[in-house]
$ cat work-v3.txt   # compact mmCIF, C-alpha atoms
# COMPACT_ATOMS: atom_id res chain seq x y z
CA MET A 629 0.00 0.00 0.00
CA ARG A 630 1.26 3.45 -0.86
CA ILE A 631 0.66 6.28 1.58
CA HIS A 632 -1.28 9.13 -0.04
CA LEU A 633 -0.02 12.19 1.79
CA GLU A 634 -1.87 14.52 -0.56
CA LYS A 635 -5.24 13.32 0.78
CA ARG A 636 -6.89 15.66 3.28
CA ALA A 637 -7.68 13.08 5.93
CA ILE A 638 -5.36 10.10 5.92
CA ARG A 639 -5.62 7.86 8.97
CA ALA A 640 -2.90 6.75 11.34
CA LEU A 641 -3.02 4.02 13.93
CA GLY A 642 -0.88 5.29 16.80
CA ILE A 643 0.30 2.68 19.31
CA ALA A 644 1.97 3.30 22.68
CA GLU A 645 2.42 1.33 25.89
CA CYS A 646 2.42 1.60 29.65
CA PHE A 647 3.69 -0.73 32.40
CA ARG A 648 5.19 -0.53 35.84
CA LYS A 649 8.61 -2.07 36.21
CA ASN A 650 8.86 -4.68 38.98
CA ILE A 651 5.05 -4.74 39.32
CA SER A 652 3.61 -5.57 35.89
CA LYS A 653 3.95 -8.84 34.00
CA GLU A 654 2.67 -7.30 30.80
CA SER A 655 2.48 -3.92 29.16
CA VAL A 656 -0.82 -2.35 28.15
CA LEU A 657 -0.81 -1.34 24.48
CA ALA A 658 -3.29 1.32 23.37
CA GLY A 659 -4.07 2.04 19.74
CA ILE A 660 -5.79 5.16 18.43
CA VAL A 661 -7.06 5.63 14.90
CA MET A 662 -6.69 9.33 14.11
CA ARG A 663 -7.35 11.25 10.94
CA SER A 664 -4.80 13.84 9.88
CA ASP A 665 -7.34 16.55 10.77
CA LEU A 666 -6.88 15.10 14.31
CA VAL A 667 -10.32 13.55 14.62
CA ILE A 668 -10.17 10.29 16.58
CA ASP A 669 -12.33 7.59 15.07
CA GLY A 670 -11.18 4.37 16.66
CA CYS A 671 -9.52 2.85 19.72
CA ILE A 672 -8.23 -0.60 20.66
CA TYR A 673 -6.17 -2.25 23.40
CA GLY A 674 -3.68 -5.08 23.46
CA TYR A 675 -0.98 -6.49 25.72
CA ALA A 676 2.67 -7.48 25.42
CA THR A 677 4.57 -9.66 27.87
CA LEU A 678 7.44 -7.95 29.65
CA GLU A 679 10.73 -9.40 28.34
CA GLY A 680 8.68 -11.56 25.96
CA ASP A 681 8.50 -12.04 22.23
CA ASP A 682 4.81 -11.34 21.58
CA ALA A 683 4.68 -7.60 20.80
CA THR A 684 4.53 -8.09 17.04
CA GLU A 685 1.72 -10.64 17.33
CA SER A 686 -0.19 -8.37 19.69
CA ILE A 687 0.08 -5.39 17.34
CA LEU A 688 -1.04 -7.54 14.40
CA SER A 689 -3.99 -8.74 16.45
CA MET A 690 -4.91 -5.13 17.27
CA CYS A 691 -4.75 -4.20 13.57
CA LYS A 692 -6.91 -7.15 12.56
CA SER A 693 -9.44 -6.60 15.36
CA LEU A 694 -10.08 -3.06 14.16
CA LYS A 695 -11.40 -4.51 10.88
CA ARG A 696 -10.50 -1.35 8.98
CA ASN A 697 -9.09 -0.91 5.52
CA ASP A 698 -8.72 2.87 5.75
CA ILE A 699 -5.58 3.05 7.92
CA ASN A 700 -2.72 4.57 5.93
CA VAL A 701 0.14 4.29 8.43
CA VAL A 702 0.92 2.61 11.76
CA MET A 703 2.96 4.76 14.16
CA ILE A 704 4.50 2.92 17.10
CA ALA A 705 6.25 4.54 20.05
CA GLY A 706 9.45 2.51 19.83
CA SER A 707 10.80 -0.62 18.17
CA VAL A 708 11.60 -2.37 21.43
CA ILE A 709 8.82 -2.19 24.00
CA ALA A 710 7.83 -4.00 27.21
CA LEU A 711 11.40 -4.51 28.39
CA TYR A 712 13.04 -5.97 25.28
CA ASN A 713 9.96 -7.23 23.44
CA ILE A 714 11.18 -6.50 19.90
CA ILE A 715 8.71 -5.42 17.21
CA ASP A 716 9.10 -6.91 13.72
CA SER A 717 7.83 -4.01 11.60
CA ASP A 718 8.68 -5.86 8.38
CA ARG A 719 6.20 -8.56 9.37
CA ILE A 720 3.54 -6.00 10.34
CA TYR A 721 3.95 -4.26 6.99
CA LYS A 722 3.94 -7.54 5.07
CA GLU A 723 0.76 -8.80 6.76
CA THR A 724 -1.20 -5.52 6.86
CA LYS A 725 0.16 -3.86 3.70
CA VAL A 726 0.28 -0.63 5.75
CA PRO A 727 3.55 1.34 6.19
CA VAL A 728 4.99 1.35 9.72
CA LEU A 729 6.87 4.12 11.54
CA ASN A 730 8.69 3.20 14.74
CA ILE A 731 9.48 6.44 16.53
CA THR A 732 11.82 7.11 19.44
CA PHE A 733 12.64 10.42 20.98
CA GLU A 734 16.20 10.11 22.29
CA GLU A 735 19.55 9.09 20.86
CA SER A 736 20.86 5.72 21.97
CA LYS A 737 24.01 3.69 21.53
CA GLY A 738 21.90 0.58 21.08
CA LEU A 739 20.82 -2.30 23.26
CA GLU A 740 23.30 -5.06 22.39
CA SER A 741 25.15 -5.06 25.73
CA HIS A 742 21.88 -4.71 27.68
CA ILE A 743 20.35 -7.68 25.85
CA LYS A 744 23.37 -9.86 26.57
CA ARG A 745 23.32 -8.93 30.24
CA ARG A 746 19.52 -9.23 30.70
CA PHE A 747 19.15 -12.56 28.83
CA PRO A 748 22.29 -14.57 29.67
CA LYS A 749 20.84 -17.89 28.45
CA ASP A 750 19.02 -16.87 25.27
CA TRP A 751 20.51 -13.54 24.29
CA ARG A 752 21.40 -14.76 20.78
CA SER A 753 17.78 -14.94 19.57
CA LYS A 754 16.94 -11.55 21.10
CA LEU A 755 20.06 -10.00 19.62
CA LYS A 756 19.25 -11.46 16.19
CA ALA A 757 15.73 -9.97 16.35
CA TYR A 758 17.17 -6.63 17.50
CA LYS A 759 19.71 -6.47 14.67
CA LYS A 760 16.97 -7.32 12.16
CA ILE A 761 15.07 -4.10 12.93
CA GLY A 762 17.92 -2.01 11.53
CA GLU A 763 19.23 1.43 12.26
CA ARG A 764 17.17 4.45 13.18
CA LYS A 765 17.43 7.64 11.15
CA SER A 766 17.05 11.09 12.61
CA VAL A 767 14.22 13.24 11.28
CA LYS A 768 13.97 16.95 12.05
CA LEU A 769 10.31 17.85 12.37
CA HIS A 770 8.72 21.14 11.30
CA THR A 771 8.46 21.94 15.03
CA GLY A 772 12.27 22.03 15.24
CA TYR A 773 12.48 18.82 17.29
CA THR A 774 14.34 15.72 16.15
CA VAL A 775 12.96 12.19 16.40
CA PHE A 776 14.54 8.88 15.45
CA VAL A 777 12.64 6.72 13.01
CA ARG A 778 12.62 3.27 11.49
CA ALA A 779 10.37 3.51 8.42
CA THR A 780 9.01 0.35 6.80
CA GLY A 781 7.06 0.58 3.56
CA MET A 782 7.76 4.27 3.00
CA THR A 783 10.70 6.53 2.19
CA GLN A 784 12.37 8.80 4.74
CA LYS A 785 10.87 11.77 2.91
CA GLU A 786 7.37 10.27 3.25
CA ALA A 787 8.09 9.48 6.90
CA LYS A 788 9.01 13.11 7.59
CA ARG A 789 5.93 14.45 5.78
CA THR A 790 3.70 12.03 7.69
CA LEU A 791 5.22 12.95 11.05
CA ASP A 792 4.97 16.67 10.27
CA LYS A 793 1.31 16.22 9.34
CA TYR A 794 0.52 14.69 12.74
CA THR A 795 2.83 16.69 15.04
CA LEU A 796 1.30 19.90 16.37
CA GLN A 797 4.03 20.83 18.83
CA GLY A 798 7.11 19.27 20.32
CA ALA A 799 8.28 15.88 19.08
CA ILE A 800 5.40 13.49 19.67
CA PRO A 801 2.90 12.88 16.87
CA GLU A 802 -0.69 13.19 18.12
CA PRO A 803 -1.75 9.56 17.48
CA VAL A 804 1.16 8.33 19.62
CA ARG A 805 0.62 11.01 22.28
CA VAL A 806 -3.07 10.17 22.69
CA ALA A 807 -2.37 6.42 22.61
CA LYS A 808 0.14 6.92 25.45
CA LEU A 809 -2.49 8.75 27.50
CA LEU A 810 -4.99 5.92 26.95
CA ALA A 811 -2.42 3.24 27.81
CA ARG A 812 -1.68 5.01 31.08
CA ALA A 813 -5.39 5.40 31.83
CA LYS A 814 -6.12 1.72 31.11
CA PHE A 815 -3.18 0.64 33.22
CA ALA A 816 -4.35 2.79 36.13
CA ALA A 817 -7.93 1.50 35.90

$ encode --input "work-v3.txt" --output "C-alpha cells"
Amino acid sequence: MRIHLEKRAIRALGIAECFRKNISKESVLAGIVMRSDLVIDGCIYGYATLEGDDATESILSMCKSLKRNDINVVMIAGSVIALYNIIDSDRIYKETKVPVLNITFEESKGLESHIKRRFPKDWRSKLKAYKKIGERKSVKLHTGYTVFVRATGMTQKEAKRTLDKYTLQGAIPEPVRVAKLLARAKFAA
C-alpha cells in the first residue's frame, strides 16, 4: 500500500504502551485511529509480555481486530517495548500492507550489551531480532524537534511528511501522544 499524503484526511493508527517495572507482568498497548485533521475515530487495546516475544503478534492482532481498511500508516512509540519485546515491523507491513513508523525520541548507543546482560541464556535470539530491525534515522520535524525513526514501507521523505502532518508541537505525533495517554489510563484503571 502506498501512503497518499496529498489526501486531506489520511488515517494513522498510533500505538503506545504503559507498564510498571517490577510490578507488571505485561504492558498495556493502546491504539488510536486518528485522521490527519486530528479527529479520533477508533480505539483498541492489546498487551505485550514484559521481556517476551509477543509484541509483534499483539500489534497484528490489534490491527486485525479493528477490521478497517482505511488506515494509511501505523505509528508505534518505539521498536523495542515492554522490556526488550522487539517489534518486527517488516512482518507487520507484510501482513497488513500498511507502512509502519517506529518512533523514538532520544539518541541511543543501542541495546546489544543490555540484551546480553539481561538474557544470559538466550541472548542470541533476542540480539538477532534486534539487529533485524535495523538502524534508526534522525528526522527533524517542522516543530524544530528531532525524532529517530525506522520507516518500513515508506521513504524517509514520506516518513518526515507524515510525522509533520501529525505533530502539532514538540516531538510526539498526536496519534502516539493520545495512545500513550490511553495506555496510562487503562493501566491505572

$ closest_residue --input "work-v3.txt" --among "A:Leu755, A:Ile643, A:Ala705, A:Ala676" --to "A:Arg778" --atoms "only C-alpha atoms"
A:Ala705

$ closest_residue --input "work-v3.txt" --among "A:Arg764, A:Arg752, A:Lys653, A:Lys737" --to "A:Gly680" --atoms "only C-alpha atoms"
A:Lys653

$ closest_residue --input "work-v3.txt" --among "A:Asp792, A:Glu786, A:Glu645, A:Glu723" --to "A:Leu769" --atoms "only C-alpha atoms"
A:Asp792

$ closest_atom_pairs --input "work-v3.txt" --of "stretch 652-743 of chain A" --to "stretch 794-815 of chain A" --cutoff "10 Å" --atoms "all atoms listed in the file" --output "tab-separated table"
residue	atom	partner	partner_atom	distance
A:Ser652	CA	A:Phe815	CA	9.6
A:Ser655	CA	A:Phe815	CA	8.3
A:Val656	CA	A:Ala811	CA	5.8
A:Leu657	CA	A:Ala811	CA	5.9
A:Ala658	CA	A:Ala811	CA	4.9
A:Gly659	CA	A:Ala807	CA	5.5
A:Ile660	CA	A:Ala807	CA	5.5
A:Val661	CA	A:Pro803	CA	7.1
A:Met662	CA	A:Pro803	CA	6.0
A:Arg663	CA	A:Pro803	CA	8.8
A:Ser664	CA	A:Tyr794	CA	6.1
A:Asp665	CA	A:Tyr794	CA	8.3
A:Leu666	CA	A:Glu802	CA	7.5
A:Val667	CA	A:Pro803	CA	9.9
A:Ile668	CA	A:Pro803	CA	8.5
A:Cys671	CA	A:Ala807	CA	8.5
A:Ile672	CA	A:Ala807	CA	9.3
A:Tyr673	CA	A:Ala811	CA	8.0
A:Gly674	CA	A:Ala811	CA	9.5
A:Val702	CA	A:Pro803	CA	9.4
A:Met703	CA	A:Val804	CA	6.8
A:Ile704	CA	A:Val804	CA	6.8
A:Ala705	CA	A:Val804	CA	6.4
A:Ile731	CA	A:Ile800	CA	8.7
A:Thr732	CA	A:Ile800	CA	9.1
A:Phe733	CA	A:Ala799	CA	7.2

$ atom_distance --input "work-v3.txt" --atom1 "atom CA of A:Lys725" --atom2 "atom CA of A:Val708"
21.2 Å

$ atom_distance --input "work-v3.txt" --atom1 "atom CA of A:Ala787" --atom2 "atom CA of A:Leu688"
20.7 Å

$ atom_distance --input "work-v3.txt" --atom1 "atom CA of A:Ile638" --atom2 "atom CA of A:Phe776"
22.1 Å

$ closest_residue --input "work-v3.txt" --among "A:Lys649, A:Lys788, A:Arg639, A:Lys759" --to "A:Ile714" --atoms "all atoms listed in the file"
A:Lys759

$ closest_residue --input "work-v3.txt" --among "A:Val701, A:Glu654, A:Ser766, A:Ala816" --to "A:Glu735" --atoms "all atoms listed in the file"
A:Ser766

$ closest_residue --input "work-v3.txt" --among "A:Ser689, A:Lys722, A:Glu763, A:Tyr712" --to "A:Ser736" --atoms "all atoms listed in the file"
A:Glu763

$ axis_aligned_box --input "work-v3.txt" --around "stretch 711-714 of chain A" --padding-each-side "4 Å" --output "JSON"
{"center_x": 11.5, "center_y": -5.9, "center_z": 24.1, "size_x": 11.1, "size_y": 10.7, "size_z": 16.5}

$ build_atoms --input "work-v3.txt" --residues "stretch 792-811 of chain A" --atoms "N, CA and C atoms" --output "PDB file, keeping the file's coordinate frame"
ATOM      1  N   ASP A 792       5.293  15.245  10.229  1.00  0.00           N
ATOM      2  CA  ASP A 792       4.970  16.670  10.270  1.00  0.00           C
ATOM      3  C   ASP A 792       3.459  16.905  10.234  1.00  0.00           C
ATOM      4  N   LYS A 793       2.765  16.082   9.471  1.00  0.00           N
ATOM      5  CA  LYS A 793       1.310  16.220   9.340  1.00  0.00           C
ATOM      6  C   LYS A 793       0.612  15.969  10.677  1.00  0.00           C
ATOM      7  N   TYR A 794       1.161  15.084  11.491  1.00  0.00           N
ATOM      8  CA  TYR A 794       0.520  14.690  12.740  1.00  0.00           C
ATOM      9  C   TYR A 794       1.136  15.312  13.992  1.00  0.00           C
ATOM     10  N   THR A 795       2.175  16.117  13.864  1.00  0.00           N
ATOM     11  CA  THR A 795       2.830  16.690  15.040  1.00  0.00           C
ATOM     12  C   THR A 795       2.470  18.168  15.155  1.00  0.00           C
ATOM     13  N   LEU A 796       1.724  18.513  16.171  1.00  0.00           N
ATOM     14  CA  LEU A 796       1.300  19.900  16.370  1.00  0.00           C
ATOM     15  C   LEU A 796       2.375  20.730  17.045  1.00  0.00           C
ATOM     16  N   GLN A 797       2.992  20.138  18.070  1.00  0.00           N
ATOM     17  CA  GLN A 797       4.030  20.830  18.830  1.00  0.00           C
ATOM     18  C   GLN A 797       4.981  19.789  19.389  1.00  0.00           C
ATOM     19  N   GLY A 798       6.150  20.206  19.751  1.00  0.00           N
ATOM     20  CA  GLY A 798       7.110  19.270  20.320  1.00  0.00           C
ATOM     21  C   GLY A 798       7.526  18.189  19.354  1.00  0.00           C
ATOM     22  N   ALA A 799       7.739  16.978  19.881  1.00  0.00           N
ATOM     23  CA  ALA A 799       8.280  15.880  19.080  1.00  0.00           C
ATOM     24  C   ALA A 799       7.334  14.710  18.921  1.00  0.00           C
ATOM     25  N   ILE A 800       6.236  14.687  19.659  1.00  0.00           N
ATOM     26  CA  ILE A 800       5.400  13.490  19.670  1.00  0.00           C
ATOM     27  C   ILE A 800       4.193  13.666  18.758  1.00  0.00           C
ATOM     28  N   PRO A 801       4.073  12.815  17.732  1.00  0.00           N
ATOM     29  CA  PRO A 801       2.900  12.880  16.870  1.00  0.00           C
ATOM     30  C   PRO A 801       1.622  12.598  17.673  1.00  0.00           C
ATOM     31  N   GLU A 802       0.554  13.282  17.360  1.00  0.00           N
ATOM     32  CA  GLU A 802      -0.690  13.190  18.120  1.00  0.00           C
ATOM     33  C   GLU A 802      -1.233  11.763  18.284  1.00  0.00           C
ATOM     34  N   PRO A 803      -1.225  10.912  17.253  1.00  0.00           N
ATOM     35  CA  PRO A 803      -1.750   9.560  17.480  1.00  0.00           C
ATOM     36  C   PRO A 803      -0.978   8.801  18.567  1.00  0.00           C
ATOM     37  N   VAL A 804       0.326   8.986  18.615  1.00  0.00           N
ATOM     38  CA  VAL A 804       1.160   8.330  19.620  1.00  0.00           C
ATOM     39  C   VAL A 804       0.943   8.968  20.988  1.00  0.00           C
ATOM     40  N   ARG A 805       0.835  10.290  21.021  1.00  0.00           N
ATOM     41  CA  ARG A 805       0.620  11.010  22.280  1.00  0.00           C
ATOM     42  C   ARG A 805      -0.696  10.578  22.934  1.00  0.00           C
ATOM     43  N   VAL A 806      -1.758  10.550  22.148  1.00  0.00           N
ATOM     44  CA  VAL A 806      -3.070  10.170  22.690  1.00  0.00           C
ATOM     45  C   VAL A 806      -3.079   8.688  23.077  1.00  0.00           C
ATOM     46  N   ALA A 807      -2.447   7.840  22.273  1.00  0.00           N
ATOM     47  CA  ALA A 807      -2.370   6.420  22.610  1.00  0.00           C
ATOM     48  C   ALA A 807      -1.641   6.228  23.948  1.00  0.00           C
ATOM     49  N   LYS A 808      -0.596   7.001  24.176  1.00  0.00           N
ATOM     50  CA  LYS A 808       0.140   6.920  25.450  1.00  0.00           C
ATOM     51  C   LYS A 808      -0.763   7.292  26.620  1.00  0.00           C
ATOM     52  N   LEU A 809      -1.555   8.349  26.448  1.00  0.00           N
ATOM     53  CA  LEU A 809      -2.490   8.750  27.500  1.00  0.00           C
ATOM     54  C   LEU A 809      -3.492   7.642  27.803  1.00  0.00           C
ATOM     55  N   LEU A 810      -4.016   7.001  26.755  1.00  0.00           N
ATOM     56  CA  LEU A 810      -4.990   5.920  26.950  1.00  0.00           C
ATOM     57  C   LEU A 810      -4.358   4.681  27.577  1.00  0.00           C
ATOM     58  N   ALA A 811      -3.114   4.379  27.201  1.00  0.00           N
ATOM     59  CA  ALA A 811      -2.420   3.240  27.810  1.00  0.00           C
ATOM     60  C   ALA A 811      -2.234   3.480  29.300  1.00  0.00           C
TER      61      ALA A 811
END
